[in-house]
>>> print(open('target-v6.tsv').read())   # TSV, C-alpha atoms and all ligand atoms
chain	number	residue	atom	x	y	z
Z	1	MET	CA	76.45	108.98	95.33
Z	2	THR	CA	76.28	105.23	94.74
Z	3	ASP	CA	76.73	104.08	91.15
Z	4	ASN	CA	73.78	101.73	90.58
Z	5	THR	CA	75.47	100.10	87.61
Z	6	LEU	CA	78.20	98.61	89.80
Z	7	PRO	CA	77.91	95.11	91.24
Z	8	THR	CA	77.62	94.94	95.02
Z	9	CYS	CA	78.58	92.65	97.86
Z	10	LEU	CA	77.25	92.68	101.39
Z	11	ILE	CA	79.65	93.65	104.19
Z	12	ASP	CA	78.20	93.35	107.69
Z	13	GLY	CA	74.75	93.58	106.14
Z	14	GLU	CA	75.47	96.74	104.15
Z	15	GLU	CA	75.56	96.81	100.38
Z	16	VAL	CA	78.99	97.83	99.12
Z	17	PRO	CA	79.53	98.55	95.42
Z	18	PHE	CA	82.77	97.55	93.77
Z	19	THR	CA	84.58	97.80	90.50
Z	20	PRO	CA	85.39	94.35	89.10
Z	21	GLY	CA	88.92	93.41	90.19
Z	22	GLN	CA	88.76	95.34	93.46
Z	23	THR	CA	89.56	93.44	96.62
Z	24	LEU	CA	87.16	93.47	99.54
Z	25	ILE	CA	89.28	95.95	101.46
Z	26	GLN	CA	89.52	98.27	98.45
Z	27	ALA	CA	85.76	98.18	97.96
Z	28	ALA	CA	85.08	98.65	101.66
Z	29	THR	CA	87.54	101.55	101.93
Z	30	ALA	CA	86.04	103.27	98.89
Z	31	ALA	CA	82.64	102.94	100.54
Z	32	GLY	CA	83.95	104.38	103.83
Z	33	LYS	CA	83.78	101.04	105.67
Z	34	TYR	CA	86.62	100.11	107.96
Z	35	ILE	CA	88.22	96.68	107.79
Z	36	PRO	CA	91.05	96.43	110.36
Z	37	HIS	CA	94.43	95.98	108.68
Z	38	LEU	CA	98.15	96.51	109.19
Z	39	CYS	CA	100.17	95.40	106.18
Z	40	TRP	CA	97.72	96.72	103.60
Z	41	HIS	CA	98.17	100.24	102.23
Z	42	PRO	CA	96.06	101.66	99.40
Z	43	ASP	CA	99.13	102.75	97.44
Z	44	PHE	CA	100.77	99.33	97.38
Z	45	ALA	CA	99.99	95.83	96.15
Z	46	ALA	CA	98.48	93.59	98.82
Z	47	HIS	CA	100.96	91.74	100.97
Z	48	GLY	CA	98.56	89.42	102.80
Z	49	SER	CA	100.87	88.74	105.73
Z	50	CYS	CA	99.44	90.22	108.93
Z	51	LYS	CA	95.97	88.61	108.62
Z	52	ILE	CA	94.41	91.38	110.70
Z	53	CYS	CA	92.02	92.00	107.80
Z	54	THR	CA	90.66	88.46	108.01
Z	55	VAL	CA	86.95	88.36	107.25
Z	56	LYS	CA	84.47	85.60	106.61
Z	57	ALA	CA	83.51	85.73	102.95
Z	58	ASP	CA	80.63	83.43	102.06
Z	59	GLY	CA	81.41	81.50	105.26
Z	60	ARG	CA	85.14	81.07	104.66
Z	61	PHE	CA	87.97	82.88	106.45
Z	62	GLY	CA	90.24	84.90	104.22
Z	63	ALA	CA	92.29	88.08	104.05
Z	64	ALA	CA	90.13	90.95	102.80
Z	65	CYS	CA	93.17	92.52	101.16
Z	66	THR	CA	93.62	89.53	98.86
Z	67	ILE	CA	90.04	88.38	98.16
Z	68	GLU	CA	88.41	89.89	95.11
Z	69	ALA	CA	84.91	91.16	95.69
Z	70	ARG	CA	82.20	89.18	93.90
Z	71	ALA	CA	78.62	90.16	93.20
Z	72	GLY	CA	76.34	88.89	95.95
Z	73	MET	CA	79.21	87.86	98.23
Z	74	THR	CA	78.26	88.01	101.90
Z	75	VAL	CA	81.05	89.21	104.13
Z	76	GLU	CA	81.32	89.25	107.91
Z	77	ASN	CA	83.82	91.80	109.16
Z	78	ARG	CA	83.32	93.41	112.58
Z	79	THR	CA	81.87	90.40	114.37
Z	80	THR	CA	82.83	89.32	117.88
Z	81	GLU	CA	84.39	86.17	116.45
Z	82	LEU	CA	86.63	88.04	114.02
Z	83	ASP	CA	87.60	90.83	116.40
Z	84	ASP	CA	88.54	88.15	118.98
Z	85	LYS	CA	90.90	86.60	116.44
Z	86	ARG	CA	92.30	90.02	115.52
Z	87	ARG	CA	92.91	90.75	119.19
Z	88	THR	CA	94.93	87.54	119.54
Z	89	LEU	CA	97.02	88.37	116.46
Z	90	LEU	CA	97.66	91.84	117.85
Z	91	GLN	CA	98.66	90.46	121.23
Z	92	LEU	CA	101.18	88.20	119.49
Z	93	LEU	CA	102.61	91.18	117.64
Z	94	PHE	CA	102.81	93.23	120.81
Z	95	VAL	CA	104.82	90.60	122.70
Z	96	GLU	CA	107.03	89.77	119.75
Z	97	GLY	CA	108.39	93.33	119.60
Z	98	ASN	CA	109.12	96.04	122.13
Z	99	HIS	CA	105.95	98.09	121.89
Z	100	PHE	CA	106.12	100.27	124.97
Z	101	CYS	CA	103.59	102.83	123.84
Z	102	PRO	CA	104.08	105.42	126.61
Z	103	SER	CA	107.72	105.88	125.66
Z	104	CYS	CA	107.35	105.53	121.89
Z	105	GLU	CA	107.50	108.64	119.74
Z	106	LYS	CA	104.95	107.03	117.37
Z	107	SER	CA	102.28	106.79	120.09
Z	108	GLY	CA	99.05	108.29	118.78
Z	109	ASN	CA	100.26	107.97	115.19
Z	110	CYS	CA	100.78	104.21	115.34
Z	111	LEU	CA	98.48	101.93	113.38
Z	112	LEU	CA	99.30	98.94	115.59
Z	113	GLN	CA	98.34	100.83	118.75
Z	114	ALA	CA	95.24	102.32	117.11
Z	115	THR	CA	94.09	98.91	115.86
Z	116	ALA	CA	94.61	97.40	119.31
Z	117	TYR	CA	92.42	100.11	120.83
Z	118	GLU	CA	89.87	99.55	118.08
Z	119	VAL	CA	89.40	95.86	118.85
Z	120	GLY	CA	89.55	96.34	122.61
Z	121	MET	CA	92.93	94.81	123.38
Z	122	MET	CA	93.43	95.45	127.10
Z	123	SER	CA	96.58	93.44	127.80
Z	124	PRO	CA	99.35	91.63	125.90
Z	125	HIS	CA	98.14	88.31	127.39
Z	126	PHE	CA	101.25	86.37	126.29
Z	127	ASP	CA	104.78	86.52	127.70
Z	128	HIS	CA	106.97	89.22	126.18
Z	129	PHE	CA	109.90	88.14	124.00
Z	130	TYR	CA	111.86	91.37	124.62
Z	131	PRO	CA	113.90	91.27	121.40
Z	132	ASP	CA	117.28	92.95	121.60
Z	133	ARG	CA	118.05	94.24	118.15
Z	134	PRO	CA	120.49	97.15	118.11
Z	135	VAL	CA	118.96	100.52	117.28
Z	136	ASP	CA	120.57	102.20	114.25
Z	137	ALA	CA	121.02	105.92	114.88
Z	138	SER	CA	123.80	106.29	112.32
Z	139	HIS	CA	121.84	108.32	109.77
Z	140	PRO	CA	121.85	112.10	110.24
Z	141	ASP	CA	118.08	112.42	109.77
Z	142	VAL	CA	116.50	109.07	110.68
Z	143	LEU	CA	116.61	106.60	113.54
Z	144	LEU	CA	115.73	102.93	113.13
Z	145	ASP	CA	114.37	100.92	116.04
Z	146	PHE	CA	114.13	97.38	114.68
Z	147	ASN	CA	112.54	96.13	117.91
Z	148	ARG	CA	109.20	97.55	116.87
Z	149	CYS	CA	109.04	95.95	113.42
Z	150	ILE	CA	105.84	94.04	112.60
Z	151	MET	CA	107.23	92.63	109.32
Z	152	CYS	CA	104.61	94.33	107.15
Z	153	GLU	CA	107.30	95.08	104.54
Z	154	LEU	CA	105.78	98.45	103.70
Z	155	CYS	CA	109.22	100.08	103.89
Z	156	VAL	CA	110.60	97.24	101.76
Z	157	ARG	CA	107.92	97.78	99.13
Z	158	ALA	CA	108.17	101.58	99.23
Z	159	SER	CA	111.95	101.61	98.95
Z	160	ARG	CA	111.95	99.06	96.14
Z	161	ASP	CA	108.86	100.09	94.17
Z	162	VAL	CA	108.66	103.86	94.71
Z	163	ASP	CA	112.10	105.10	95.73
Z	164	GLY	CA	113.93	102.60	93.51
Z	165	LYS	CA	116.57	102.08	96.19
Z	166	ASN	CA	115.92	98.62	97.66
Z	167	ILE	CA	117.23	99.63	101.06
Z	168	PHE	CA	115.21	97.33	103.31
Z	169	ALA	CA	114.56	93.59	103.40
Z	170	LEU	CA	113.45	90.92	105.83
Z	171	SER	CA	115.95	88.30	106.87
Z	172	GLY	CA	115.69	85.09	108.88
Z	173	ARG	CA	112.71	82.81	109.43
Z	174	GLY	CA	109.98	82.46	112.00
Z	175	ILE	CA	110.88	84.07	115.31
Z	176	LYS	CA	114.27	85.00	113.88
Z	177	SER	CA	112.71	87.18	111.14
Z	178	HIS	CA	113.89	90.74	111.30
Z	179	LEU	CA	114.31	93.83	109.20
Z	180	ILE	CA	117.74	94.48	107.70
Z	181	VAL	CA	119.37	97.33	105.83
Z	182	ASN	CA	120.96	96.67	102.48
Z	183	SER	CA	124.52	97.94	102.92
Z	184	GLU	CA	127.78	96.19	103.56
Z	185	SER	CA	127.93	97.48	107.13
Z	186	GLY	CA	124.21	96.84	107.62
Z	187	ARG	CA	123.87	100.43	108.78
Z	188	ILE	CA	121.51	102.99	107.31
Z	189	LYS	CA	124.19	105.70	107.03
Z	190	ASP	CA	125.91	103.60	104.37
Z	191	THR	CA	122.90	103.67	102.05
Z	192	ASP	CA	121.45	106.52	100.00
Z	193	PHE	CA	118.34	106.56	102.20
Z	194	SER	CA	116.85	110.01	102.65
Z	195	ALA	CA	114.24	111.37	105.07
Z	196	GLY	CA	112.28	112.44	101.98
Z	197	ASP	CA	111.93	108.86	100.70
Z	198	ARG	CA	108.52	107.25	100.58
Z	199	ALA	CA	109.96	104.48	102.73
Z	200	ALA	CA	110.57	107.03	105.47
Z	201	GLU	CA	106.84	107.89	105.56
Z	202	VAL	CA	105.17	104.55	105.35
Z	203	CYS	CA	106.10	102.66	108.53
Z	204	PRO	CA	102.84	102.04	110.42
Z	205	VAL	CA	104.69	101.63	113.73
Z	206	GLY	CA	107.73	103.22	115.34
Z	207	VAL	CA	110.61	101.64	113.42
Z	208	ILE	CA	111.54	104.51	111.09
Z	209	LEU	CA	111.58	107.76	113.02
Z	210	LYS	CA	112.74	111.15	111.84
Z	211	LYS	CA	115.18	112.98	114.01
Z	212	ARG	CA	114.53	116.48	115.39
Z	213	VAL	CA	110.73	116.28	115.03
Z	214	GLY	CA	110.02	114.10	118.07
Z	215	PHE	CA	107.01	115.22	120.05
Z	216	ALA	CA	106.43	118.21	117.76
Z	217	VAL	CA	102.76	117.23	118.11
Z	218	PRO	CA	102.14	116.39	121.77
Z	219	ILE	CA	100.71	113.04	122.77
Z	220	GLY	CA	96.98	113.50	123.10
Z	221	GLY	CA	96.71	115.58	119.93
Z	222	ARG	CA	97.93	113.07	117.41
Z	223	LYS	CA	96.07	111.39	114.58
Z	224	TYR	CA	94.58	108.43	116.44
Z	225	ASP	CA	94.37	110.29	119.77
Z	226	VAL	CA	91.87	112.60	118.15
Z	227	SER	CA	89.61	109.94	116.63
Z	228	PRO	CA	89.75	106.15	116.37
Z	229	VAL	CA	91.20	104.45	113.34
Z	230	SER	CA	87.76	103.20	112.28
Z	231	ALA	CA	86.65	106.82	111.90
Z	232	GLN	CA	89.55	107.52	109.54
Z	233	VAL	CA	88.92	105.02	106.80
Z	234	GLY	CA	91.73	105.01	104.25
Z	235	ALA	CA	94.08	106.79	106.66
Z	236	GLN	CA	97.51	105.24	106.94
Z	237	ALA	CA	100.80	106.16	108.55
Z	238	PRO	CA	100.87	109.91	109.09
Z	239	THR	CA	102.50	112.11	106.49
Z	240	ARG	CA	105.65	114.07	107.25
Z	241	GLU	CA	103.57	117.08	108.22
Z	242	GLU	CA	101.53	115.07	110.74
Z	243	ALA	CA	104.45	113.18	112.23
Z	301	LIG	FE1	95.40	91.97	104.86
Z	301	LIG	FE2	97.57	92.36	106.41
Z	301	LIG	S1	96.01	93.77	105.89
Z	301	LIG	S2	96.80	90.49	105.54
>>> encode(input="target-v6.tsv", output="structure tokens", more="lines below")
Ligand code: FES
Amino acid sequence: MTDNTLPTCLIDGEEVPFTPGQTLIQAATAAGKYIPHLCWHPDFAAHGSCKICTVKADGRFGAACTIEARAGMTVENRTTELDDKRRTLLQLLFVEGNHFCPSCEKSGNCLLQATAYEVGMMSPHFDHFYPDRPVDASHPDVLLDFNRCIMCELCVRASRDVDGKNIFALSGRGIKSHLIVNSESGRIKDTDFSAGDRAAEVCPVGVILKKRVGFAVPIGGRKYDVSPVSAQVGAQAPTREEA
């Protein structure tokens, strides 16, 4: 039931109530409205890096995960113009990493893949970079494939802010940016990382994968195979049980 005492903004012509201080994406999510996103997660502070959540708020482009909702604000979200821009950003992410969905264990549970389907991305469009970052299979329970990282820093935030371990970080600049592991050897086995950590659950793509559970749920029956991401508002990376 809508609380009539709350201020409202207008998202794609629909009135959306919000609590003062909420961002547009928080208000939209609470109202069951989907704003495409990758680096935002409801349990973490906004990161504002992927720009997939870009909307037009009162005529100006901005990231919905960082803009506070204001009474009477008019927001465009799922317009052709904005989904075109999102598609281009997604294409850039796809060619920057090695996102070969048919051979990826995260297929069907991957927010990048699901978002690409959602905005109708049919091809990568740009030339592939084919990064060659060594996979780290040193941990007994977890495999890291750095070639799929989209630099959302969710694992960085989860490890630092929830697990209190500070195991992940980004290093380098621009095209040289990449995820690193905080140990002298640079390998995950030399940290106190555990498959039960929040950081092990939060990766929206296929970088952090648990061993011995691969394909437990067959492709075709996974989270985003069953229904599109826009029909699962508030859903994020699958939990351990779903993975
Ligand atoms: Fe808002 Fe990534 S979800 S910038």
>>> residues_near_ligand(input="target-v6.tsv", ligand="ligand LIG 301 (chain Z)", cutoff="7 Å", atoms="all atoms listed in the file", output="list of chain:residue names")
Z:His37, Z:Leu38, Z:Cys39, Z:Trp40, Z:Ala46, Z:His47, Z:Gly48, Z:Ser49, Z:Cys50, Z:Lys51, Z:Ile52, Z:Cys53, Z:Thr54, Z:Ala63, Z:Ala64, Z:Cys65, Z:Thr66
>>> write_last_selection(input="target-v6.tsv", atoms="C-alpha atoms", output="mmCIF file, in the frame of the given file")
data_model
loop_
_atom_site.group_PDB
_atom_site.id
_atom_site.type_symbol
_atom_site.label_atom_id
_atom_site.label_comp_id
_atom_site.auth_asym_id
_atom_site.auth_seq_id
_atom_site.Cartn_x
_atom_site.Cartn_y
_atom_site.Cartn_z
ATOM 1 C CA HIS Z 37 94.430 95.980 108.680
ATOM 2 C CA LEU Z 38 98.150 96.510 109.190
ATOM 3 C CA CYS Z 39 100.170 95.400 106.180
ATOM 4 C CA TRP Z 40 97.720 96.720 103.600
ATOM 5 C CA ALA Z 46 98.480 93.590 98.820
ATOM 6 C CA HIS Z 47 100.960 91.740 100.970
ATOM 7 C CA GLY Z 48 98.560 89.420 102.800
ATOM 8 C CA SER Z 49 100.870 88.740 105.730
ATOM 9 C CA CYS Z 50 99.440 90.220 108.930
ATOM 10 C CA LYS Z 51 95.970 88.610 108.620
ATOM 11 C CA ILE Z 52 94.410 91.380 110.700
ATOM 12 C CA CYS Z 53 92.020 92.000 107.800
ATOM 13 C CA THR Z 54 90.660 88.460 108.010
ATOM 14 C CA ALA Z 63 92.290 88.080 104.050
ATOM 15 C CA ALA Z 64 90.130 90.950 102.800
ATOM 16 C CA CYS Z 65 93.170 92.520 101.160
ATOM 17 C CA THR Z 66 93.620 89.530 98.860
#
>>> residues_around(input="target-v6.tsv", residues="region 148-162 of chain Z", least_positions_apart="6", cutoff="10 Å", atoms="only C-alpha atoms", output="ChimeraX atom specification")
/Z:38-41,43-45,47-50,90,93-94,96-100,104,112,131,133,168-170,177-181,193,197-208
>>> residues_around(input="target-v6.tsv", residues="region 16-21 of chain Z", least_positions_apart="4", cutoff="6 Å", atoms="only C-alpha atoms", output="ChimeraX atom specification")
/Z:6-10,27
>>> closest_residue(input="target-v6.tsv", among="Z:Met73, Z:Ile35, Z:Leu89, Z:Met122", to="Gly13 (chain Z)", atoms="only C-alpha atoms")
Z:Met73
>>> axis_aligned_box(input="target-v6.tsv", around="region 93-103 of chain Z", padding_each_side="8 Å", output="lines of an AutoDock Vina configuration file")
center_x = 105.9
center_y = 97.8
center_z = 122.1
size_x = 22.5
size_y = 32.1
size_z = 25.0
>>> atom_distance(input="target-v6.tsv", atom1="CA of Gly59 (chain Z)", atom2="CA of Ala28 (chain Z)")
17.9 Å
>>> residues_around(input="target-v6.tsv", residues="Asp83 (chain Z)", least_positions_apart="2", cutoff="10 Å", atoms="only C-alpha atoms", output="ChimeraX atom specification")
/Z:36,52-55,77-81,85-89,118-121
>>> write_last_selection(input="target-v6.tsv", atoms="C-alpha atoms", output="short mmCIF file (atom, residue, chain, number, x, y, z; two decimals), in the frame of the given file")
data_model
loop_
_atom_site.label_atom_id
_atom_site.label_comp_id
_atom_site.auth_asym_id
_atom_site.auth_seq_id
_atom_site.Cartn_x
_atom_site.Cartn_y
_atom_site.Cartn_z
CA PRO Z 36 91.05 96.43 110.36
CA ILE Z 52 94.41 91.38 110.70
CA CYS Z 53 92.02 92.00 107.80
CA THR Z 54 90.66 88.46 108.01
CA VAL Z 55 86.95 88.36 107.25
CA ASN Z 77 83.82 91.80 109.16
CA ARG Z 78 83.32 93.41 112.58
CA THR Z 79 81.87 90.40 114.37
CA THR Z 80 82.83 89.32 117.88
CA GLU Z 81 84.39 86.17 116.45
CA LYS Z 85 90.90 86.60 116.44
CA ARG Z 86 92.30 90.02 115.52
CA ARG Z 87 92.91 90.75 119.19
CA THR Z 88 94.93 87.54 119.54
CA LEU Z 89 97.02 88.37 116.46
CA GLU Z 118 89.87 99.55 118.08
CA VAL Z 119 89.40 95.86 118.85
CA GLY Z 120 89.55 96.34 122.61
CA MET Z 121 92.93 94.81 123.38
#
>>> atom_distance(input="target-v6.tsv", atom1="CA of Cys101 (chain Z)", atom2="CA of Ala216 (chain Z)")
16.8 Å
>>> closest_residue(input="target-v6.tsv", among="Z:Val233, Z:Tyr130, Z:Cys110, Z:Phe215", to="Pro42 (chain Z)", atoms="only C-alpha atoms")
Z:Val233
>>> atom_distance(input="target-v6.tsv", atom1="CA of Glu76 (chain Z)", atom2="CA of Asp58 (chain Z)")
8.3 Å
>>> closest_residue(input="target-v6.tsv", among="Z:Asp192, Z:Ser123, Z:Ser103, Z:Lys223", to="Gly164 (chain Z)", atoms="only C-alpha atoms")
Z:Asp192
>>> closest_residue(input="target-v6.tsv", among="Z:Ile219, Z:Lys56, Z:Asp145, Z:Glu68", to="Leu82 (chain Z)", atoms="all atoms listed in the file")
Z:Lys56
>>> closest_residue(input="target-v6.tsv", among="Z:Ala114, Z:Leu92, Z:Ala30, Z:Ile167", to="Val226 (chain Z)", atoms="all atoms listed in the file")
Z:Ala114
>>> residues_near_point(input="target-v6.tsv", point="(114.6, 117.3, 111.4)", cutoff="10 Å", atoms="all atoms listed in the file", output="list of chain:residue names")
Z:Pro140, Z:Asp141, Z:Val142, Z:Ala195, Z:Lys210, Z:Lys211, Z:Arg212, Z:Val213, Z:Gly214
>>> closest_residue(input="target-v6.tsv", among="Z:Gly221, Z:Thr74, Z:Ser227, Z:Gln91", to="Phe126 (chain Z)", atoms="all atoms listed in the file")
Z:Gln91
>>> decode(input="target-v6.tsv", residues="region 167-199 of chain Z", atoms="N, CA and C atoms", output="tab-separated table (two decimals), in the first residue's frame")
chain	number	residue	atom	x	y	z
Z	167	ILE	N	40.45	-8.31	1.22
Z	167	ILE	CA	41.20	-9.25	0.38
Z	167	ILE	C	41.35	-8.77	-1.06
Z	168	PHE	N	40.39	-7.98	-1.55
Z	168	PHE	CA	40.44	-7.59	-2.96
Z	168	PHE	C	40.67	-6.09	-3.11
Z	169	ALA	N	41.24	-5.71	-4.25
Z	169	ALA	CA	41.41	-4.29	-4.59
Z	169	ALA	C	41.54	-4.18	-6.09
Z	170	LEU	N	41.35	-2.97	-6.60
Z	170	LEU	CA	41.64	-2.73	-8.01
Z	170	LEU	C	43.01	-2.11	-8.11
Z	171	SER	N	43.74	-2.47	-9.15
Z	171	SER	CA	45.05	-1.90	-9.37
Z	171	SER	C	45.14	-1.43	-10.82
Z	172	GLY	N	46.06	-0.51	-11.08
Z	172	GLY	CA	46.25	-0.02	-12.45
Z	172	GLY	C	45.23	1.05	-12.81
Z	173	ARG	N	45.41	1.62	-13.99
Z	173	ARG	CA	44.53	2.69	-14.45
Z	173	ARG	C	44.03	2.39	-15.84
Z	174	GLY	N	42.86	2.98	-16.15
Z	174	GLY	CA	42.33	2.84	-17.50
Z	174	GLY	C	42.25	1.39	-17.93
Z	175	ILE	N	42.73	1.11	-19.13
Z	175	ILE	CA	42.63	-0.23	-19.68
Z	175	ILE	C	43.49	-1.23	-18.90
Z	176	LYS	N	44.39	-0.70	-18.09
Z	176	LYS	CA	45.26	-1.60	-17.29
Z	176	LYS	C	44.63	-1.93	-15.92
Z	177	SER	N	43.45	-1.37	-15.64
Z	177	SER	CA	42.79	-1.67	-14.36
Z	177	SER	C	42.50	-3.15	-14.26
Z	178	HIS	N	42.73	-3.70	-13.10
Z	178	HIS	CA	42.39	-5.11	-12.90
Z	178	HIS	C	42.27	-5.41	-11.42
Z	179	LEU	N	41.59	-6.50	-11.14
Z	179	LEU	CA	41.38	-6.91	-9.76
Z	179	LEU	C	42.62	-7.63	-9.24
Z	180	ILE	N	43.00	-7.31	-8.01
Z	180	ILE	CA	44.14	-8.02	-7.41
Z	180	ILE	C	43.74	-8.57	-6.05
Z	181	VAL	N	44.56	-9.52	-5.60
Z	181	VAL	CA	44.34	-10.15	-4.31
Z	181	VAL	C	45.43	-9.66	-3.36
Z	182	ASN	N	44.99	-9.33	-2.15
Z	182	ASN	CA	45.89	-8.73	-1.18
Z	182	ASN	C	46.67	-9.79	-0.39
Z	183	SER	N	47.70	-10.35	-1.04
Z	183	SER	CA	48.62	-11.24	-0.32
Z	183	SER	C	49.98	-11.06	-0.97
Z	184	GLU	N	51.00	-11.45	-0.28
Z	184	GLU	CA	52.34	-11.22	-0.83
Z	184	GLU	C	52.53	-11.92	-2.17
Z	185	SER	N	51.99	-13.12	-2.27
Z	185	SER	CA	52.12	-13.89	-3.52
Z	185	SER	C	51.12	-13.40	-4.57
Z	186	GLY	N	50.10	-12.66	-4.12
Z	186	GLY	CA	49.03	-12.24	-5.03
Z	186	GLY	C	48.04	-13.36	-5.29
Z	187	ARG	N	48.16	-14.46	-4.57
Z	187	ARG	CA	47.29	-15.60	-4.80
Z	187	ARG	C	46.28	-15.73	-3.66
Z	188	ILE	N	45.10	-16.20	-4.01
Z	188	ILE	CA	44.01	-16.25	-3.04
Z	188	ILE	C	44.27	-17.28	-1.94
Z	189	LYS	N	45.02	-18.30	-2.22
Z	189	LYS	CA	45.30	-19.33	-1.19
Z	189	LYS	C	46.10	-18.75	-0.02
Z	190	ASP	N	46.78	-17.65	-0.25
Z	190	ASP	CA	47.60	-17.05	0.80
Z	190	ASP	C	46.86	-15.94	1.56
Z	191	THR	N	45.54	-15.96	1.47
Z	191	THR	CA	44.72	-15.03	2.25
Z	191	THR	C	43.84	-15.88	3.18
Z	192	ASP	N	43.05	-15.21	4.03
Z	192	ASP	CA	42.11	-16.00	4.84
Z	192	ASP	C	40.72	-15.97	4.22
Z	193	PHE	N	40.67	-15.84	2.91
Z	193	PHE	CA	39.39	-15.88	2.19
Z	193	PHE	C	38.70	-17.22	2.40
Z	194	SER	N	37.37	-17.16	2.56
Z	194	SER	CA	36.61	-18.40	2.75
Z	194	SER	C	35.40	-18.38	1.81
Z	195	ALA	N	34.97	-19.55	1.39
Z	195	ALA	CA	33.81	-19.63	0.50
Z	195	ALA	C	32.54	-19.14	1.19
Z	196	GLY	N	32.58	-19.01	2.52
Z	196	GLY	CA	31.43	-18.50	3.24
Z	196	GLY	C	31.43	-16.98	3.38
Z	197	ASP	N	32.45	-16.32	2.89
Z	197	ASP	CA	32.53	-14.85	2.98
Z	197	ASP	C	31.45	-14.20	2.13
Z	198	ARG	N	31.06	-13.01	2.55
Z	198	ARG	CA	30.10	-12.25	1.73
Z	198	ARG	C	30.71	-11.95	0.37
Z	199	ALA	N	32.00	-11.72	0.34
Z	199	ALA	CA	32.67	-11.40	-0.93
Z	199	ALA	C	32.58	-12.55	-1.92
